[in-house]
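Undergrad: Data file final_30.txt (compact mmCIF, C-alpha atoms and all ligand atoms) is appended below.
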# COMPACT_ATOMS: atom_id res chain seq x y z
CA MET X 298 -17.65 -76.61 -27.98
CA ILE X 299 -14.45 -78.65 -27.76
CA VAL X 300 -11.81 -77.53 -25.21
CA LEU X 301 -8.21 -78.18 -26.28
CA GLY X 302 -5.82 -77.20 -23.50
CA LYS X 303 -6.28 -73.44 -23.10
CA LYS X 304 -7.90 -72.94 -26.53
CA ALA X 305 -11.65 -73.25 -27.01
CA VAL X 306 -12.68 -74.26 -30.53
CA LEU X 307 -16.24 -73.59 -31.66
CA LYS X 308 -17.36 -76.43 -33.86
CA PRO X 309 -20.12 -75.33 -36.28
CA GLN X 310 -23.28 -77.40 -36.08
CA LYS X 311 -23.95 -79.42 -39.25
CA GLY X 312 -27.33 -77.68 -39.83
CA GLU X 313 -25.84 -74.20 -39.39
CA ALA X 314 -23.02 -74.88 -41.85
CA LEU X 315 -25.49 -76.17 -44.43
CA LYS X 316 -27.82 -73.19 -43.88
CA LYS X 317 -24.95 -70.70 -44.38
CA ARG X 318 -23.84 -72.48 -47.57
CA SER X 319 -27.38 -72.43 -49.03
CA GLN X 320 -27.92 -68.72 -48.31
CA LYS X 321 -27.51 -66.54 -51.34
CA PRO X 322 -27.73 -62.76 -51.47
CA ASN X 323 -30.75 -61.31 -53.24
CA TYR X 324 -29.89 -58.12 -55.10
CA GLY X 325 -33.34 -57.62 -56.68
CA TYR X 326 -34.27 -56.73 -60.22
CA VAL X 327 -35.35 -53.42 -61.65
CA ALA X 328 -38.80 -53.33 -63.22
CA LEU X 329 -38.88 -57.12 -63.23
CA LYS X 330 -42.67 -57.43 -63.21
CA PRO X 331 -43.43 -55.31 -66.30
CA PHE X 332 -40.74 -57.13 -68.25
CA LEU X 333 -42.01 -60.53 -67.15
CA ARG X 334 -45.51 -59.55 -68.30
CA VAL X 335 -44.15 -58.47 -71.68
CA THR X 336 -42.30 -61.80 -71.96
CA ILE X 337 -45.51 -63.72 -71.13
CA VAL X 338 -47.36 -61.79 -73.88
CA GLY X 339 -44.50 -62.73 -76.23
CA VAL X 340 -44.82 -66.43 -75.32
CA MET X 341 -48.58 -66.23 -75.93
CA GLY X 342 -47.90 -64.67 -79.34
CA LEU X 343 -45.52 -67.54 -80.08
CA LEU X 344 -48.18 -70.10 -79.14
CA LEU X 345 -50.72 -68.34 -81.40
CA ALA X 346 -48.25 -68.36 -84.27
CA LEU X 347 -47.51 -72.06 -83.67
CA ALA X 348 -51.23 -72.83 -83.62
CA GLY X 349 -51.62 -70.90 -86.87
CA PHE X 350 -48.82 -72.96 -88.37
CA LEU X 351 -50.18 -76.33 -87.21
CA ILE X 352 -53.95 -75.90 -87.60
CA ASP X 353 -55.36 -76.49 -91.02
CA SER X 354 -58.12 -73.91 -91.08
CA PRO X 355 -59.00 -70.59 -92.77
CA LEU X 356 -58.23 -68.99 -89.36
CA SER X 357 -54.54 -69.96 -89.56
CA TRP X 358 -53.52 -66.80 -91.42
CA ILE X 359 -55.14 -64.59 -88.78
CA LEU X 360 -53.36 -66.49 -85.99
CA LEU X 361 -50.05 -66.15 -87.84
CA LEU X 362 -50.61 -62.45 -88.57
CA ILE X 363 -51.32 -61.68 -84.90
CA GLY X 364 -48.98 -64.23 -83.33
CA ILE X 365 -45.73 -63.45 -85.17
CA PRO X 366 -45.52 -59.68 -84.41
CA VAL X 367 -46.76 -60.16 -80.82
CA ALA X 368 -44.15 -62.91 -80.25
CA PHE X 369 -41.39 -60.80 -81.78
CA VAL X 370 -42.15 -57.62 -79.82
CA GLY X 371 -42.85 -59.43 -76.51
CA LEU X 372 -39.78 -61.65 -76.55
CA TYR X 373 -37.56 -58.85 -77.85
CA PHE X 374 -38.43 -56.43 -75.05
CA GLY X 375 -38.78 -59.10 -72.41
CA SER X 376 -35.38 -60.57 -72.99
CA SER X 377 -33.16 -57.62 -73.83
CA TYR X 378 -33.34 -55.37 -70.80
CA ILE X 379 -33.08 -57.56 -67.73
CA PRO X 380 -30.00 -59.62 -68.51
CA MET X 381 -28.06 -56.71 -69.91
CA HIS X 382 -28.67 -54.32 -67.08
CA TYR X 383 -28.84 -56.64 -64.16
CA LEU X 384 -26.01 -58.95 -64.85
CA LEU X 385 -23.79 -55.91 -65.24
CA LEU X 386 -23.62 -55.08 -61.53
CA ARG X 387 -23.79 -58.49 -59.82
CA PRO X 388 -20.80 -58.74 -57.46
CA ARG X 389 -19.67 -62.07 -58.85
CA TYR X 390 -18.94 -60.24 -62.13
CA THR X 391 -17.83 -56.89 -60.79
CA SER X 392 -15.75 -57.49 -57.66
CA ASN X 393 -12.62 -57.95 -59.76
CA MET X 394 -13.49 -54.91 -61.84
CA TRP X 395 -13.80 -52.69 -58.72
CA LYS X 396 -10.62 -54.19 -57.29
CA GLN X 397 -8.73 -53.12 -60.41
CA VAL X 398 -10.28 -49.64 -60.23
CA ALA X 399 -9.29 -49.40 -56.53
CA GLU X 400 -5.70 -50.33 -57.33
CA LYS X 401 -5.48 -48.00 -60.31
CA GLU X 402 -7.05 -45.05 -58.54
CA GLY X 403 -5.24 -45.53 -55.24
CA VAL X 404 -8.34 -46.26 -53.13
CA LYS X 405 -6.85 -47.42 -49.81
CA TYR X 406 -8.09 -50.37 -47.78
CA GLU X 407 -8.96 -48.31 -44.71
CA GLU X 408 -11.09 -45.67 -46.45
CA HIS X 409 -14.52 -44.25 -45.69
CA LEU X 410 -16.62 -44.73 -48.83
CA LEU X 411 -20.14 -43.59 -49.72
CA ASP X 412 -22.17 -45.52 -52.32
CA VAL X 413 -25.10 -43.42 -53.56
CA GLY X 414 -28.19 -45.20 -54.89
CA CYS X 415 -26.94 -48.39 -53.23
CA GLY X 416 -30.24 -50.30 -53.61
CA THR X 417 -29.89 -53.81 -52.23
CA GLY X 418 -26.14 -53.27 -51.88
CA SER X 419 -24.46 -55.01 -54.79
CA VAL X 420 -21.89 -52.26 -55.46
CA ALA X 421 -21.53 -51.17 -51.81
CA ILE X 422 -20.88 -54.79 -50.73
CA SER X 423 -18.25 -55.28 -53.44
CA TRP X 424 -16.45 -52.18 -52.14
CA ALA X 425 -16.81 -53.32 -48.51
CA LYS X 426 -15.02 -56.54 -49.50
CA ILE X 427 -12.15 -54.48 -50.97
CA LEU X 428 -11.96 -51.98 -48.07
CA ASP X 429 -11.41 -54.65 -45.45
CA LYS X 430 -10.22 -52.11 -42.87
CA GLY X 431 -12.55 -49.32 -43.96
CA LYS X 432 -16.19 -48.37 -43.69
CA VAL X 433 -18.84 -48.22 -46.41
CA VAL X 434 -22.10 -46.28 -46.20
CA GLY X 435 -24.90 -46.85 -48.72
CA ILE X 436 -27.76 -44.42 -49.21
CA ASP X 437 -30.86 -44.82 -51.35
CA ILE X 438 -34.47 -43.70 -51.64
CA TYR X 439 -35.28 -47.43 -52.02
CA GLY X 440 -37.53 -47.27 -55.08
CA GLY X 441 -37.50 -48.94 -58.47
CA MET X 442 -36.07 -52.41 -57.87
CA SER X 443 -37.90 -55.46 -56.55
CA GLY X 444 -37.26 -56.04 -52.83
CA ASN X 445 -35.35 -52.76 -52.56
CA SER X 446 -34.95 -51.96 -48.84
CA PRO X 447 -32.25 -51.42 -46.21
CA ASP X 448 -33.36 -54.73 -44.61
CA GLN X 449 -32.54 -56.66 -47.79
CA ALA X 450 -29.24 -54.78 -48.14
CA TYR X 451 -28.30 -55.71 -44.55
CA LYS X 452 -29.27 -59.37 -45.16
CA ASN X 453 -27.02 -59.40 -48.22
CA ALA X 454 -24.17 -57.81 -46.25
CA GLU X 455 -24.51 -60.48 -43.58
CA ILE X 456 -24.45 -63.32 -46.11
CA GLU X 457 -21.40 -61.72 -47.79
CA SER X 458 -19.67 -61.35 -44.37
CA VAL X 459 -19.18 -57.57 -44.50
CA ILE X 460 -21.87 -56.58 -41.98
CA ASP X 461 -19.26 -55.22 -39.53
CA ARG X 462 -18.07 -52.48 -41.88
CA ILE X 463 -21.17 -51.43 -43.80
CA GLU X 464 -24.19 -49.23 -43.06
CA PHE X 465 -27.30 -48.64 -45.17
CA LYS X 466 -29.74 -45.82 -44.74
CA TYR X 467 -32.38 -43.74 -46.45
CA GLY X 468 -30.85 -40.78 -48.27
CA ASN X 469 -31.52 -38.79 -51.42
CA ILE X 470 -28.61 -37.99 -53.76
CA LEU X 471 -30.17 -34.60 -54.31
CA GLU X 472 -29.61 -33.77 -50.63
CA ILE X 473 -26.95 -36.11 -49.29
CA PRO X 474 -27.37 -36.29 -45.50
CA TYR X 475 -23.67 -35.72 -44.66
CA PRO X 476 -21.51 -32.66 -44.04
CA ASP X 477 -19.01 -31.28 -46.59
CA ASN X 478 -15.71 -33.15 -47.08
CA THR X 479 -16.79 -36.36 -45.29
CA PHE X 480 -15.78 -39.22 -47.62
CA ASN X 481 -12.54 -40.48 -49.15
CA THR X 482 -14.41 -41.94 -52.14
CA VAL X 483 -17.97 -41.78 -53.49
CA THR X 484 -19.34 -44.44 -55.86
CA ALA X 485 -22.56 -44.87 -57.86
CA GLY X 486 -23.57 -48.06 -59.66
CA SER X 487 -25.86 -47.22 -62.57
CA VAL X 488 -27.82 -44.59 -60.67
CA LEU X 489 -27.34 -41.15 -62.26
CA HIS X 490 -29.41 -41.98 -65.35
CA GLU X 491 -32.43 -42.41 -63.05
CA LEU X 492 -32.50 -38.69 -62.19
CA HIS X 493 -34.80 -36.52 -64.27
CA GLY X 494 -33.27 -33.95 -66.58
CA ASP X 495 -29.87 -32.28 -66.58
CA GLU X 496 -30.85 -30.04 -63.68
CA ASP X 497 -31.27 -32.90 -61.17
CA LYS X 498 -28.22 -34.70 -62.53
CA ILE X 499 -26.07 -31.59 -61.98
CA LYS X 500 -27.60 -31.10 -58.53
CA ALA X 501 -26.69 -34.70 -57.61
CA LEU X 502 -23.13 -34.32 -58.92
CA LYS X 503 -22.71 -31.10 -56.91
CA GLU X 504 -23.88 -32.95 -53.79
CA ILE X 505 -21.45 -35.80 -54.44
CA ARG X 506 -18.62 -33.29 -54.92
CA ARG X 507 -19.59 -31.47 -51.71
CA VAL X 508 -19.34 -34.59 -49.49
CA LEU X 509 -16.03 -35.71 -51.04
CA LYS X 510 -12.80 -34.68 -49.34
CA PRO X 511 -10.66 -32.30 -51.47
CA GLY X 512 -8.64 -34.09 -54.15
CA ARG X 513 -10.58 -37.36 -53.69
CA LYS X 514 -12.50 -39.28 -56.34
CA PHE X 515 -16.01 -40.07 -57.50
CA ILE X 516 -16.38 -43.38 -59.39
CA THR X 517 -19.50 -44.23 -61.34
CA ILE X 518 -20.60 -46.79 -63.90
CA GLU X 519 -23.25 -46.20 -66.57
CA LEU X 520 -24.45 -48.14 -69.60
CA LEU X 521 -23.72 -46.33 -72.87
CA ARG X 522 -26.26 -45.46 -75.48
CA ASP X 523 -24.81 -46.33 -78.88
CA THR X 524 -26.00 -48.06 -82.04
CA LYS X 525 -25.76 -51.50 -80.41
CA MET X 526 -27.89 -50.43 -77.47
CA LEU X 527 -30.44 -48.70 -79.71
CA PHE X 528 -30.77 -51.95 -81.61
CA ALA X 529 -31.03 -54.06 -78.44
CA MET X 530 -33.40 -51.90 -76.42
CA LEU X 531 -35.21 -49.65 -78.91
CA PHE X 532 -36.84 -46.75 -77.06
CA PHE X 533 -35.60 -47.95 -73.63
CA ALA X 534 -32.13 -46.98 -74.84
CA PHE X 535 -32.99 -43.31 -74.40
CA VAL X 536 -32.87 -43.70 -70.61
CA TRP X 537 -29.09 -44.04 -70.96
CA LYS X 538 -26.68 -41.48 -72.39
CA PRO X 539 -23.87 -41.42 -74.95
CA LYS X 540 -20.29 -41.70 -73.66
CA GLN X 541 -19.33 -38.01 -73.60
CA TYR X 542 -22.52 -36.87 -71.83
CA TRP X 543 -21.43 -37.82 -68.28
CA ALA X 544 -17.89 -36.52 -68.80
CA ASN X 545 -19.30 -33.13 -69.85
CA LEU X 546 -21.64 -33.01 -66.87
CA LEU X 547 -18.85 -33.96 -64.44
CA GLU X 548 -16.64 -31.17 -65.80
CA LYS X 549 -19.53 -28.70 -65.70
CA THR X 550 -20.00 -29.50 -62.01
CA GLY X 551 -16.37 -28.69 -61.21
CA PHE X 552 -14.79 -32.17 -61.20
CA LYS X 553 -11.34 -32.38 -62.77
CA ASN X 554 -9.17 -35.09 -64.37
CA VAL X 555 -12.25 -36.93 -65.66
CA LYS X 556 -11.28 -40.39 -66.96
CA ILE X 557 -13.48 -42.76 -68.95
CA GLU X 558 -12.82 -46.49 -69.15
CA GLU X 559 -15.05 -48.39 -71.52
CA GLY X 560 -16.01 -52.03 -71.11
CA LYS X 561 -18.45 -54.54 -72.50
CA ARG X 562 -20.86 -56.93 -70.79
CA TYR X 563 -23.59 -57.76 -73.31
CA ILE X 564 -23.67 -54.05 -74.06
CA ASN X 565 -21.15 -51.22 -73.73
CA TYR X 566 -20.67 -49.47 -70.43
CA ALA X 567 -18.22 -46.91 -69.06
CA ILE X 568 -16.60 -46.34 -65.69
CA TYR X 569 -16.03 -42.65 -65.01
CA VAL X 570 -13.49 -41.48 -62.45
CA ALA X 571 -13.50 -37.79 -61.53
CA GLN X 572 -11.53 -35.85 -58.94
CA LYS X 573 -12.75 -33.10 -56.62
C1 LIG X 601 -30.46 -49.29 -61.18
S1 LIG X 601 -30.58 -49.27 -59.45
C2 LIG X 601 -28.92 -49.63 -58.98
C3 LIG X 601 -28.83 -50.05 -57.55
C4 LIG X 601 -27.45 -50.43 -57.06
N1 LIG X 601 -26.47 -49.38 -57.26
C5 LIG X 601 -26.97 -51.71 -57.67
O1 LIG X 601 -25.89 -51.69 -58.19
O2 LIG X 601 -27.66 -52.73 -57.60
C6 LIG X 601 -30.71 -47.53 -59.17
C7 LIG X 601 -30.91 -47.18 -57.71
O3 LIG X 601 -30.89 -45.75 -57.59
C8 LIG X 601 -31.80 -45.39 -56.58
N2 LIG X 601 -32.14 -43.96 -56.74
C9 LIG X 601 -32.82 -43.38 -57.74
N3 LIG X 601 -32.94 -42.07 -57.50
C10 LIG X 601 -32.33 -41.82 -56.32
C11 LIG X 601 -32.13 -40.65 -55.52
N4 LIG X 601 -32.61 -39.46 -55.89
N5 LIG X 601 -31.44 -40.76 -54.36
C12 LIG X 601 -30.96 -41.97 -53.95
N6 LIG X 601 -31.12 -43.10 -54.66
C13 LIG X 601 -31.79 -43.03 -55.83
C14 LIG X 601 -32.99 -46.34 -56.82
O4 LIG X 601 -33.81 -46.42 -55.67
C15 LIG X 601 -32.25 -47.65 -57.12
O5 LIG X 601 -31.99 -48.38 -55.96
Hey, can you dump this file as structure tokens for me?
TA:
Amino acid sequence: MIVLGKKAVLKPQKGEALKKRSQKPNYGYVALKPFLRVTIVGVMGLLLALAGFLIDSPLSWILLLIGIPVAFVGLYFGSSYIPMHYLLLRPRYTSNMWKQVAEKEGVKYEEHLLDVGCGTGSVAISWAKILDKGKVVGIDIYGGMSGNSPDQAYKNAEIESVIDRIEFKYGNILEIPYPDNTFNTVTAGSVLHELHGDEDKIKALKEIRRVLKPGRKFITIELLRDTKMLFAMLFFAFVWKPKQYWANLLEKTGFKNVKIEEGKRYINYAIYVAQK
């Protein structure tokens, strides 16, 4: 510590400064392991096909016949899902996007916001950066993604310097652990598609509407199933829904003034804004 007159200046230690700079948040990956395994099978298929191409033997045709389809299917599935889905919500890509939504929808800097299905905090932390005088709460059942836990979410919040205005806890969207009319805004980053069937989806939307203050907004982002996605993800595409599906469900649950803003990051997505 250096003392200058009446002011005390804390000089960061060299090691501490370096440590802080090298720390990066870890937002996890959904279903990373199965997709890595599929990719490895694809690479093995490629090696078989290459061997079939290079080896001069009667076996070459068999190697080619097995290797080419295995390589195609493995690399196709292994490479299409992860980048498209997981790059979509990384804060370095989305913080500007949420900032624009906040400005457009009149989300004020001192608000109390709930992020449902917050996972390791990527969306919640982006909002905490915007609401610099507000408070963000993230709830999740902490399944699905690698390293998905409140501990990891808190570590990320600390690295991103928003720890003072964010809270993470266990909570199911189907029974949100807060009283009616608690939050100014509720957000969900690619979460609703994970609920089974229309019944659970409607139940979740009713819960979100219940905890929102009257007249306030729910903002969610979902990937869109369309021809491009069907081509890119084959049967995985059926997890996601066509554009109008979520708008219809939001209206059915009693939300009004439902707006859809489409965007593209590798694949088409939509941001839905709906008012209680
Ligand atoms: C695709 S991840 C998105 C996570 C996070 N929003 C993000 O942007 O990184 C979906 C998240 O929804 C959570 N989830 C699924 N069903 C849930 C439920 N019923 N209640 C709360 N969270 C749920 C999963 O645990 C997972 O963390």
Undergrad: Contacts of Glu491 in chain X at 12 Å or less, counting only C-alpha atoms, minus same-chain residues fewer than 4 places along, as an NGL selection string?
TA: :X and (327 or 414 or 438 or 440-442 or 470-471 or 485-487 or 495 or 497-498 or 501 or 519-520 or 535-538)
Undergrad: If you count all atoms listed in the file, which residues fall within 12 Å of range 548-555 of chain X, apart from same-chain ones fewer than 2 positions away, as a VMD selection string?
TA: chain X and resid 402 495 to 507 509 511 to 517 541 to 546 557 to 558 568 to 573
Undergrad: Return as a Markdown table the residues of chain X lying at most 9 Å from ligand LIG 601 (chain X), together with the closest atom-to-atom pair for each and the distance in Å to one decimal, counting all atoms listed in the file, with rows in chain order and ascending residue number.
TA:
| residue | atom | partner | partner_atom | distance |
| --- | --- | --- | --- | --- |
| X:Tyr324 | CA | X:LIG601 | O2 | 6.3 |
| X:Gly325 | CA | X:LIG601 | O2 | 7.6 |
| X:Tyr326 | CA | X:LIG601 | O2 | 8.2 |
| X:Val327 | CA | X:LIG601 | C1 | 6.4 |
| X:His382 | CA | X:LIG601 | C1 | 8.0 |
| X:Tyr383 | CA | X:LIG601 | O2 | 7.7 |
| X:Leu385 | CA | X:LIG601 | O1 | 8.5 |
| X:Leu386 | CA | X:LIG601 | O1 | 5.3 |
| X:Arg387 | CA | X:LIG601 | O2 | 7.3 |
| X:Pro388 | CA | X:LIG601 | O1 | 8.7 |
| X:Asp412 | CA | X:LIG601 | N1 | 7.6 |
| X:Val413 | CA | X:LIG601 | C12 | 6.0 |
| X:Gly414 | CA | X:LIG601 | N6 | 3.6 |
| X:Cys415 | CA | X:LIG601 | N1 | 4.2 |
| X:Gly416 | CA | X:LIG601 | O5 | 3.5 |
| X:Thr417 | CA | X:LIG601 | O2 | 5.9 |
| X:Gly418 | CA | X:LIG601 | O2 | 5.9 |
| X:Ser419 | CA | X:LIG601 | O2 | 4.8 |
| X:Val420 | CA | X:LIG601 | O1 | 4.9 |
| X:Ala421 | CA | X:LIG601 | N1 | 7.6 |
| X:Ile436 | CA | X:LIG601 | C12 | 6.2 |
| X:Asp437 | CA | X:LIG601 | N6 | 3.7 |
| X:Ile438 | CA | X:LIG601 | C12 | 4.5 |
| X:Tyr439 | CA | X:LIG601 | O4 | 4.1 |
| X:Gly440 | CA | X:LIG601 | O4 | 3.9 |
| X:Gly441 | CA | X:LIG601 | O4 | 5.3 |
| X:Met442 | CA | X:LIG601 | O5 | 6.0 |
| X:Asn445 | CA | X:LIG601 | O5 | 6.5 |
| X:Ser446 | CA | X:LIG601 | O5 | 8.5 |
| X:Tyr467 | CA | X:LIG601 | C12 | 7.8 |
| X:Gly468 | CA | X:LIG601 | C12 | 5.8 |
| X:Asn469 | CA | X:LIG601 | N5 | 3.5 |
| X:Ile470 | CA | X:LIG601 | N5 | 4.0 |
| X:Leu471 | CA | X:LIG601 | N4 | 5.7 |
| X:Glu472 | CA | X:LIG601 | N5 | 8.1 |
| X:Ile473 | CA | X:LIG601 | N5 | 8.2 |
| X:Thr484 | CA | X:LIG601 | N1 | 8.8 |
| X:Ala485 | CA | X:LIG601 | N1 | 6.0 |
| X:Gly486 | CA | X:LIG601 | N1 | 4.0 |
| X:Ser487 | CA | X:LIG601 | C1 | 5.2 |
| X:Val488 | CA | X:LIG601 | C6 | 4.4 |
| X:Leu489 | CA | X:LIG601 | N3 | 7.4 |
| X:His490 | CA | X:LIG601 | C6 | 8.4 |
| X:Glu491 | CA | X:LIG601 | C9 | 5.4 |
| X:Leu492 | CA | X:LIG601 | N3 | 5.8 |
| X:His493 | CA | X:LIG601 | N3 | 8.9 |
| X:Asp497 | CA | X:LIG601 | N4 | 8.5 |
| X:Ala501 | CA | X:LIG601 | N4 | 7.8 |
Undergrad: Taking only C-alpha atoms into account, which of X:Val370, X:Val483, X:Leu356, X:Ile422 comes nearest Val335 in chain X?
TA: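 Closest candidate: X:Val370.
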Undergrad: Please measure the separation of CA of Pro447 in chain X and CA of Asp461 in chain X, giving the value in Å to one decimal.
TA: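 According to the coordinates, CA of Pro447 in chain X and CA of Asp461 in chain X are separated by 15.1 Å.
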Undergrad: Please indicate the distance in Å from CA of Leu360 in chain X to CA of Phe533 in chain X, rounded to one decimal place.
TA: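 That distance, rounded to one decimal, is 28.5 Å.
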Undergrad: Pick from X:Ala425, X:Leu362, X:Ala454, X:Ala534: nearest to Leu343 in chain X, with all atoms listed in the file counted?
TA: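 The shortest atom-to-atom distance to Leu343 in chain X comes from X:Leu362.
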Undergrad: Can you work out the spacing between CA of Lys426 in chain X and CA of Arg462 in chain X in Å, to one decimal?
TA: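 The value is 9.2 Å.
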Undergrad: Would you pull range 380-466 of chain X out of the block just shown and save C-alpha atoms as a short mmCIF file (atom, residue, chain, number, x, y, z; two decimals), in the first residue's frame?
TA:
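Result file is out28.cif:
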data_model
loop_
_atom_site.label_atom_id
_atom_site.label_comp_id
_atom_site.auth_asym_id
_atom_site.auth_seq_id
_atom_site.Cartn_x
_atom_site.Cartn_y
_atom_site.Cartn_z
CA PRO X 380 -20.84 -24.46 -32.43
CA MET X 381 -24.29 -23.43 -33.52
CA HIS X 382 -25.96 -23.72 -30.17
CA TYR X 383 -23.18 -22.79 -27.86
CA LEU X 384 -21.68 -19.87 -29.60
CA LEU X 385 -25.14 -18.35 -29.76
CA LEU X 386 -25.33 -17.42 -26.08
CA ARG X 387 -21.72 -16.60 -25.16
CA PRO X 388 -21.70 -13.13 -23.57
CA ARG X 389 -18.98 -11.83 -25.86
CA TYR X 390 -21.46 -12.24 -28.74
CA THR X 391 -24.68 -11.40 -26.95
CA SER X 392 -24.00 -8.56 -24.51
CA ASN X 393 -24.58 -6.00 -27.27
CA MET X 394 -27.69 -7.84 -28.40
CA TRP X 395 -29.21 -7.75 -24.87
CA LYS X 396 -28.20 -4.11 -24.49
CA GLN X 397 -30.17 -3.25 -27.62
CA VAL X 398 -33.16 -5.26 -26.37
CA ALA X 399 -32.94 -3.45 -22.99
CA GLU X 400 -32.95 -0.06 -24.69
CA LYS X 401 -35.76 -0.97 -27.07
CA GLU X 402 -37.95 -2.52 -24.41
CA GLY X 403 -37.29 0.09 -21.73
CA VAL X 404 -35.57 -2.24 -19.25
CA LYS X 405 -34.18 0.18 -16.65
CA TYR X 406 -30.73 -0.02 -15.10
CA GLU X 407 -31.99 -0.45 -11.54
CA GLU X 408 -34.38 -3.35 -12.19
CA HIS X 409 -34.89 -6.68 -10.45
CA LEU X 410 -34.53 -9.36 -13.12
CA LEU X 411 -35.04 -13.14 -13.01
CA ASP X 412 -33.21 -15.38 -15.49
CA VAL X 413 -34.83 -18.84 -15.61
CA GLY X 414 -32.70 -21.82 -16.65
CA CYS X 415 -29.60 -19.69 -16.01
CA GLY X 416 -27.13 -22.62 -16.12
CA THR X 417 -23.59 -21.37 -15.65
CA GLY X 418 -24.84 -17.79 -15.96
CA SER X 419 -24.04 -16.60 -19.46
CA VAL X 420 -27.34 -14.76 -20.02
CA ALA X 421 -27.82 -13.71 -16.38
CA ILE X 422 -24.29 -12.23 -16.27
CA SER X 423 -24.86 -10.30 -19.50
CA TRP X 424 -27.99 -8.77 -17.94
CA ALA X 425 -26.18 -8.04 -14.66
CA LYS X 426 -23.64 -6.04 -16.68
CA ILE X 427 -26.48 -4.00 -18.21
CA LEU X 428 -28.42 -3.52 -14.94
CA ASP X 429 -25.51 -1.92 -13.14
CA LYS X 430 -27.74 -0.58 -10.36
CA GLY X 431 -30.12 -3.54 -10.31
CA LYS X 432 -30.22 -7.10 -9.10
CA VAL X 433 -30.29 -10.32 -11.13
CA VAL X 434 -31.42 -13.71 -9.84
CA GLY X 435 -30.73 -16.90 -11.79
CA ILE X 436 -32.54 -20.16 -11.14
CA ASP X 437 -31.87 -23.57 -12.63
CA ILE X 438 -32.24 -27.28 -11.93
CA TYR X 439 -28.55 -27.53 -12.94
CA GLY X 440 -28.77 -30.44 -15.37
CA GLY X 441 -27.76 -30.97 -18.98
CA MET X 442 -24.62 -28.87 -19.45
CA SER X 443 -21.07 -29.80 -18.49
CA GLY X 444 -19.99 -28.18 -15.20
CA ASN X 445 -23.51 -26.84 -14.61
CA SER X 446 -23.70 -25.69 -10.97
CA PRO X 447 -24.33 -22.55 -8.89
CA ASP X 448 -20.64 -22.68 -7.87
CA GLN X 449 -19.52 -22.35 -11.49
CA ALA X 450 -22.08 -19.59 -12.08
CA TYR X 451 -20.75 -17.67 -9.06
CA LYS X 452 -17.14 -18.14 -10.24
CA ASN X 453 -18.12 -16.72 -13.63
CA ALA X 454 -19.90 -13.78 -11.99
CA GLU X 455 -16.80 -13.02 -9.95
CA ILE X 456 -14.53 -13.10 -13.00
CA GLU X 457 -17.00 -10.86 -14.88
CA SER X 458 -17.12 -8.44 -11.89
CA VAL X 459 -20.88 -8.63 -11.29
CA ILE X 460 -20.82 -10.75 -8.11
CA ASP X 461 -22.25 -7.89 -6.00
CA ARG X 462 -25.56 -7.78 -7.89
CA ILE X 463 -26.24 -11.39 -8.86
CA GLU X 464 -27.59 -14.45 -7.06
CA PHE X 465 -27.87 -18.03 -8.30
CA LYS X 466 -29.99 -20.73 -6.78
#
